[in-house]
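Colleague: model34.txt (compact mmCIF, C-alpha atoms) pasted underneath:
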```txt
# COMPACT_ATOMS: atom_id res chain seq x y z
CA MET A 116 0.00 0.00 0.00
CA ASN A 117 2.85 2.40 -0.70
CA GLU A 118 1.41 3.75 -3.94
CA SER A 119 0.91 7.49 -3.68
CA ARG A 120 -2.46 8.88 -4.58
CA PRO A 121 -1.94 12.63 -5.04
CA TYR A 122 -4.97 14.90 -5.08
CA ARG A 123 -5.87 16.02 -8.57
CA ARG A 124 -7.86 19.19 -8.80
CA PRO A 125 -10.82 18.54 -11.10
CA ALA A 126 -10.65 20.46 -14.39
CA PRO A 127 -13.40 20.93 -16.95
CA LYS A 128 -12.97 18.92 -20.16
CA ASP A 129 -12.57 22.05 -22.24
CA TRP A 130 -10.04 23.79 -19.96
CA TRP A 131 -7.79 24.31 -22.98
CA ALA A 132 -10.42 26.48 -24.69
CA LYS A 133 -10.74 28.82 -21.70
CA ALA A 134 -8.60 31.73 -20.55
CA PRO A 135 -5.79 31.72 -19.60
CA TYR A 136 -5.00 28.34 -21.22
CA ARG A 137 -6.59 29.33 -24.54
CA ALA A 138 -3.57 31.53 -25.35
CA TYR A 139 -1.27 28.53 -24.99
CA THR A 140 -3.54 26.38 -27.13
CA VAL A 141 -3.55 29.01 -29.89
CA ARG A 142 0.23 29.32 -29.66
CA GLU A 143 0.72 25.55 -29.92
CA MET A 144 -1.65 25.39 -32.89
CA SER A 145 0.53 27.88 -34.75
CA GLY A 146 2.85 24.87 -35.09
CA LEU A 147 0.15 23.29 -37.26
CA ALA A 148 0.42 26.24 -39.67
CA VAL A 149 4.17 25.62 -39.89
CA ALA A 150 3.51 21.96 -40.72
CA GLY A 151 0.69 23.01 -43.09
CA TYR A 152 3.09 25.14 -45.08
CA GLY A 153 5.45 22.15 -45.11
CA ALA A 154 2.57 20.16 -46.61
CA VAL A 155 2.11 22.75 -49.39
CA LEU A 156 5.80 22.44 -50.25
CA PHE A 157 5.56 18.64 -50.07
CA ALA A 158 2.69 18.71 -52.57
CA GLY A 159 4.96 20.74 -54.85
CA LEU A 160 7.77 18.22 -54.55
CA TYR A 161 5.37 15.37 -55.32
CA SER A 162 3.94 17.22 -58.34
CA LEU A 163 7.46 17.90 -59.60
CA SER A 164 8.34 14.20 -59.38
CA GLN A 165 5.25 13.34 -61.48
CA GLY A 166 6.33 15.35 -64.53
CA PRO A 167 5.68 18.68 -66.30
CA GLU A 168 1.86 18.43 -66.50
CA SER A 169 1.53 17.66 -62.83
CA TRP A 170 3.89 20.52 -62.00
CA ALA A 171 1.87 22.90 -64.19
CA ALA A 172 -1.28 21.94 -62.26
CA TYR A 173 0.52 22.70 -58.99
CA VAL A 174 1.58 26.13 -60.29
CA ARG A 175 -2.02 26.82 -61.37
CA PHE A 176 -3.11 25.96 -57.83
CA LEU A 177 -0.53 28.39 -56.40
CA GLN A 178 -1.97 31.11 -58.65
CA SER A 179 -5.58 30.45 -57.59
CA PRO A 180 -7.42 32.72 -55.13
CA VAL A 181 -7.84 29.73 -52.79
CA SER A 182 -4.07 29.33 -52.58
CA LEU A 183 -3.49 33.06 -52.08
CA LEU A 184 -6.02 33.10 -49.23
CA LEU A 185 -4.46 29.97 -47.76
CA HIS A 186 -0.99 31.52 -47.89
CA ALA A 187 -2.28 34.74 -46.32
CA ALA A 188 -3.69 32.70 -43.43
CA LEU A 189 -0.45 30.67 -43.17
CA LEU A 190 1.60 33.88 -43.19
CA ALA A 191 -0.49 35.38 -40.38
CA ALA A 192 -0.19 32.21 -38.29
CA VAL A 193 3.56 31.91 -38.90
CA LEU A 194 4.05 35.57 -37.95
CA TYR A 195 2.24 34.76 -34.69
CA HIS A 196 4.61 31.79 -34.33
CA VAL A 197 7.59 34.13 -34.81
CA LYS A 198 6.28 36.51 -32.14
CA THR A 199 5.57 33.80 -29.55
CA TRP A 200 8.68 31.74 -30.39
CA PHE A 201 10.98 34.57 -29.39
CA GLN A 202 8.86 35.31 -26.31
CA ILE A 203 9.66 31.74 -25.21
CA LEU A 204 13.32 31.90 -26.23
CA PRO A 205 14.71 33.77 -23.16
CA LYS A 206 12.78 31.40 -20.87
CA THR A 207 14.32 28.28 -22.42
CA MET A 208 17.91 29.42 -22.99
CA PRO A 209 20.63 29.74 -20.33
CA LYS A 210 20.77 33.15 -18.68
CA LEU A 211 22.72 35.52 -20.93
CA ILE A 212 25.16 37.69 -18.99
CA LEU A 213 26.84 40.64 -20.73
CA GLY A 214 29.39 42.50 -18.63
CA ARG A 215 28.08 41.72 -15.16
CA ALA A 216 24.32 42.02 -15.50
CA PRO A 217 21.95 39.47 -17.03
CA VAL A 218 20.34 40.66 -20.25
CA ALA A 219 16.62 41.39 -19.74
CA GLN A 220 14.22 38.83 -21.26
CA ARG A 221 12.42 41.60 -23.15
CA THR A 222 15.70 42.68 -24.76
CA ILE A 223 16.49 39.12 -25.91
CA THR A 224 12.98 38.80 -27.37
CA ARG A 225 13.25 42.12 -29.19
CA VAL A 226 16.72 41.53 -30.62
CA ALA A 227 15.87 37.98 -31.73
CA THR A 228 12.61 39.09 -33.38
CA ILE A 229 14.40 41.85 -35.29
CA PHE A 230 17.08 39.33 -36.31
CA ALA A 231 14.37 36.96 -37.58
CA GLY A 232 12.79 39.76 -39.59
CA ALA A 233 16.19 40.52 -41.10
CA CYS A 234 16.65 36.82 -42.02
CA SER A 235 13.31 36.61 -43.84
CA LEU A 236 13.89 39.97 -45.54
CA ALA A 237 17.38 38.89 -46.64
CA LEU A 238 15.97 35.62 -48.03
CA VAL A 239 13.38 37.52 -50.10
CA LEU A 240 15.87 40.14 -51.34
CA ILE A 241 18.55 37.56 -52.21
CA THR A 242 15.98 35.43 -54.08
CA LEU A 243 14.71 38.46 -56.01
CA GLY A 244 18.31 39.52 -56.72
CA VAL A 245 19.63 36.12 -57.79
CA ALA A 246 16.61 35.29 -59.94
CA ARG A 247 16.82 38.60 -61.80
CA MET B 34 24.66 4.42 -10.85
CA THR B 35 24.92 3.93 -14.58
CA GLY B 36 22.45 1.04 -14.59
CA PRO B 37 19.23 2.78 -13.61
CA ALA B 38 20.20 5.99 -15.38
CA ARG B 39 20.64 4.01 -18.58
CA ASP B 40 17.25 2.36 -18.15
CA ASN B 41 15.58 5.71 -17.59
CA ARG B 42 16.90 7.25 -20.76
CA SER B 43 14.14 8.70 -22.87
CA ILE B 44 13.77 9.14 -26.60
CA SER B 45 11.99 12.47 -26.03
CA PRO B 46 15.10 14.72 -26.43
CA ILE B 47 15.31 13.65 -30.09
CA PHE B 48 11.79 14.97 -30.66
CA TRP B 49 12.55 18.14 -28.71
CA LEU B 50 15.63 18.73 -30.87
CA LEU B 51 13.63 18.30 -34.10
CA PHE B 52 10.86 20.49 -32.66
CA GLY B 53 13.32 23.21 -31.67
CA ALA B 54 15.18 23.11 -34.97
CA GLY B 55 11.92 23.34 -36.93
CA GLY B 56 10.63 26.12 -34.70
CA MET B 57 13.78 28.18 -35.10
CA LEU B 58 14.06 27.59 -38.86
CA SER B 59 10.42 28.55 -39.43
CA ALA B 60 10.72 31.58 -37.14
CA LEU B 61 13.81 32.86 -38.99
CA PHE B 62 12.85 32.07 -42.59
CA GLY B 63 9.16 30.99 -42.59
CA PRO B 64 7.64 34.39 -43.44
CA GLY B 65 10.21 34.96 -46.21
CA LEU B 66 9.58 31.51 -47.68
CA ILE B 67 5.80 31.98 -47.67
CA LEU B 68 6.15 35.38 -49.34
CA ILE B 69 8.33 33.89 -52.09
CA THR B 70 6.51 30.60 -52.82
CA GLY B 71 3.00 31.78 -51.94
CA PHE B 72 2.90 35.27 -53.44
CA PHE B 73 5.93 36.58 -55.37
CA ALA B 74 6.56 33.45 -57.45
CA PRO B 75 2.97 32.55 -58.49
CA LEU B 76 2.05 36.21 -59.09
CA GLY B 77 5.30 36.92 -60.93
CA VAL B 78 6.14 39.88 -58.70
CA GLY B 79 9.81 40.84 -58.97
CA LEU B 80 10.71 37.44 -60.38
CA PRO B 81 11.31 36.35 -64.01
CA GLU B 82 8.55 34.39 -65.74
CA ASN B 83 10.53 31.15 -65.85
CA PHE B 84 11.04 31.18 -62.05
CA LEU B 85 8.30 28.58 -61.58
CA SER B 86 8.95 26.74 -64.87
CA TYR B 87 9.27 22.96 -64.74
CA ASP B 88 12.91 23.07 -65.86
CA HIS B 89 13.78 25.66 -63.24
CA ALA B 90 12.06 23.76 -60.43
CA LEU B 91 13.58 20.46 -61.58
CA ALA B 92 17.08 21.99 -61.66
CA PHE B 93 16.55 23.22 -58.11
CA ALA B 94 15.41 19.79 -56.90
CA GLN B 95 18.30 18.06 -58.72
CA ASN B 96 20.92 20.31 -57.16
CA PRO B 97 22.36 18.73 -53.97
CA VAL B 98 22.06 22.02 -52.07
CA GLY B 99 18.49 22.44 -53.31
CA LYS B 100 17.68 18.87 -52.24
CA LEU B 101 19.10 19.53 -48.78
CA ALA B 102 17.08 22.75 -48.47
CA VAL B 103 13.83 20.98 -49.45
CA LEU B 104 14.48 18.08 -47.06
CA VAL B 105 15.43 20.27 -44.10
CA VAL B 106 12.54 22.70 -44.52
CA VAL B 107 9.74 20.20 -45.17
CA ALA B 108 10.88 17.58 -42.62
CA LEU B 109 11.67 19.98 -39.77
CA PHE B 110 8.45 21.96 -40.31
CA PHE B 111 6.49 18.71 -39.95
CA TRP B 112 8.44 17.60 -36.85
CA HIS B 113 7.80 21.01 -35.29
CA GLY B 114 4.05 20.78 -35.85
CA ALA B 115 4.01 17.14 -34.74
CA GLU B 116 5.58 17.90 -31.34
CA ARG B 117 3.26 20.84 -30.67
CA LEU B 118 0.17 18.88 -31.72
CA PHE B 119 1.22 15.79 -29.73
CA LEU B 120 1.80 17.69 -26.48
CA THR B 121 -1.45 19.63 -26.88
CA LEU B 122 -3.50 16.49 -27.57
CA LYS B 123 -1.77 14.74 -24.66
CA ASP B 124 -2.68 17.60 -22.32
CA MET B 125 -6.24 17.45 -23.66
CA LYS B 126 -6.22 13.68 -22.92
CA ALA B 127 -7.48 13.22 -26.46
CA GLY B 128 -6.53 9.54 -26.61
CA PRO B 129 -3.99 6.87 -25.72
CA SER B 130 -0.40 8.08 -25.95
CA LEU B 131 0.59 5.55 -28.61
CA LEU B 132 -2.28 6.57 -30.89
CA LEU B 133 -1.43 10.26 -30.48
CA LYS B 134 2.23 9.54 -31.24
CA LEU B 135 1.28 7.62 -34.40
CA CYS B 136 -0.93 10.51 -35.56
CA THR B 137 1.78 13.15 -34.96
CA TYR B 138 5.34 11.78 -34.90
CA GLY B 139 4.19 9.00 -37.22
CA VAL B 140 3.00 11.48 -39.87
CA ALA B 141 6.22 13.48 -39.59
CA ALA B 142 8.29 10.30 -39.95
CA VAL B 143 6.33 9.13 -43.01
CA VAL B 144 6.61 12.56 -44.65
CA THR B 145 10.36 12.68 -43.96
CA ALA B 146 10.81 9.25 -45.57
CA ALA B 147 8.61 10.29 -48.51
CA VAL B 148 10.61 13.49 -49.10
CA ILE B 149 13.86 11.49 -49.16
CA ALA B 150 12.33 8.95 -51.56
CA LEU B 151 10.96 11.68 -53.88
CA LEU B 152 14.26 13.59 -53.88
CA LEU B 153 16.11 10.38 -54.80
CA ALA B 154 13.52 9.53 -57.48
CA ILE B 155 13.94 13.00 -59.02
CA GLY B 156 17.64 12.21 -59.39
CA PHE B 157 20.76 14.31 -59.60
```
Show this structure as structure tokens.

Modeller:
Amino acid sequence: MNESRPYRRPAPKDWWAKAPYRAYTVREMSGLAVAGYGAVLFAGLYSLSQGPESWAAYVRFLQSPVSLLLHAALLAAVLYHVKTWFQILPKTMPKLILGRAPVAQRTITRVATIFAGACSLALVLITLGVAR
Amino acid sequence: MTGPARDNRSISPIFWLLFGAGGMLSALFGPGLILITGFFAPLGVGLPENFLSYDHALAFAQNPVGKLAVLVVVALFFWHGAERLFLTLKDMKAGPSLLLKLCTYGVAAVVTAAVIALLLAIGF
């Protein structure tokens, strides 16, 4: 009889849909948008492997309003992922000490978010430049 | 000391690593990638007309660096989503752990294998 039976506070079934947990649920679901975009790219790779006609159909899909709306939604969700990802970053990394004082979490978040923006911007500009 | 510690080793850190790598990669380059493949390329904004041509796309997928980029982006993005979905469903007590793992990690593993197979089938 040495099994412990800790008290578990009862929680409603839909606790994850209620504040304050809802914010975490939304944040975690932004990972689905990341995977969803991966799925769009995967469909492209599959179409490419099936030959020119299949690839042309994929390009037509990319040009359709449905695809543009889908990508707008994916972009919004991934931007939310960027924001929350760098809010988490200072909480998961070892304490950063510059000089003698630890760097404030807000500073790490801000610098990392700006850096991420620069990475995406550089990718777009380099692609536009190279393809020209 | 090493005995029990060895027995207690978990496979979870591998999934955390893939989750973290996918999260960081998508946070750094995700918006840029979506802008390029979702808007600029199909709409022909700032890019030449042949950017999305079959020959151009095939050359990209046949280039070893291009292959690596496709594999890393698609696979890590799926592993990132899989970890987040798995932990959320687990917290929701949505089903038995093994089933949830099959539906999340399992999908990411199958997609990773499929990407490798497709990249090899496309050739060099």

Colleague: When distances are computed from all atoms listed in the file, which of B:Leu66, B:Ile155, B:Ala146, B:Leu109 shows the smallest separation from Leu50 in chain B?

Modeller: B:Leu109

Colleague: Which one is closest to Trp200 in chain A: A:Tyr173, A:Tyr152, A:Tyr161, A:Tyr139? Count all atoms listed in the file.

Modeller: A:Tyr139

Colleague: For Ala147 in chain B, which residue out of B:Gly55, B:Leu131, B:Ile44, B:Leu104 is the nearest one, using only C-alpha atoms?

Modeller: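 The shortest atom-to-atom distance to Ala147 in chain B comes from B:Leu104.
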
Colleague: Could you work out an axis-aligned box for range 92-104 of chain B, taking every atom the file lists and adding 8 Å on each side, and report centre and edge lengths in Å to one decimal, as JSON?

Modeller:
```
{"center_x": 18.1, "center_y": 20.6, "center_z": -54.4, "size_x": 24.5, "size_y": 21.2, "size_z": 30.6}
```

Colleague: Distance CA of Phe62 in chain B-CA of Lys206 in chain A, one decimal place?

Modeller: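 Spanning CA of Phe62 in chain B to CA of Lys206 in chain A is a straight-line distance of 21.7 Å.
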
Colleague: Please, what distance in Å, to one decimal, runs between CA of Met57 in chain B and CA of Gln178 in chain A?

Modeller: 28.5 Å

Colleague: Between B:Met125, B:Ala54, B:Leu76, B:Ile47, which one has atoms that come closest to Ser179 in chain A, using all atoms listed in the file?

Modeller: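 Smallest distance to Ser179 in chain A is found for B:Leu76.
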
Colleague: I need the residue nearest Ile69 in chain B from this list: A:Arg215, A:His186, A:Arg142, A:His196. Use only C-alpha atoms for the distance.

Modeller: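 For Ile69 in chain B, the nearest of the candidates is A:His186.
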
Colleague: For range 167-172 of chain A, work out the shell of residues within 12 Å, counting only C-alpha atoms and skipping chain neighbours fewer than 2 positions away, then give it as a PyMOL selection string.

Modeller: (chain A and resi 158-165+174-179) or (chain B and resi 75+85-91)

Colleague: Would you mind reading off the distance between CA of Gly99 in chain B and CA of Phe157 in chain B, one decimal, in Å?

Modeller: 10.5 Å
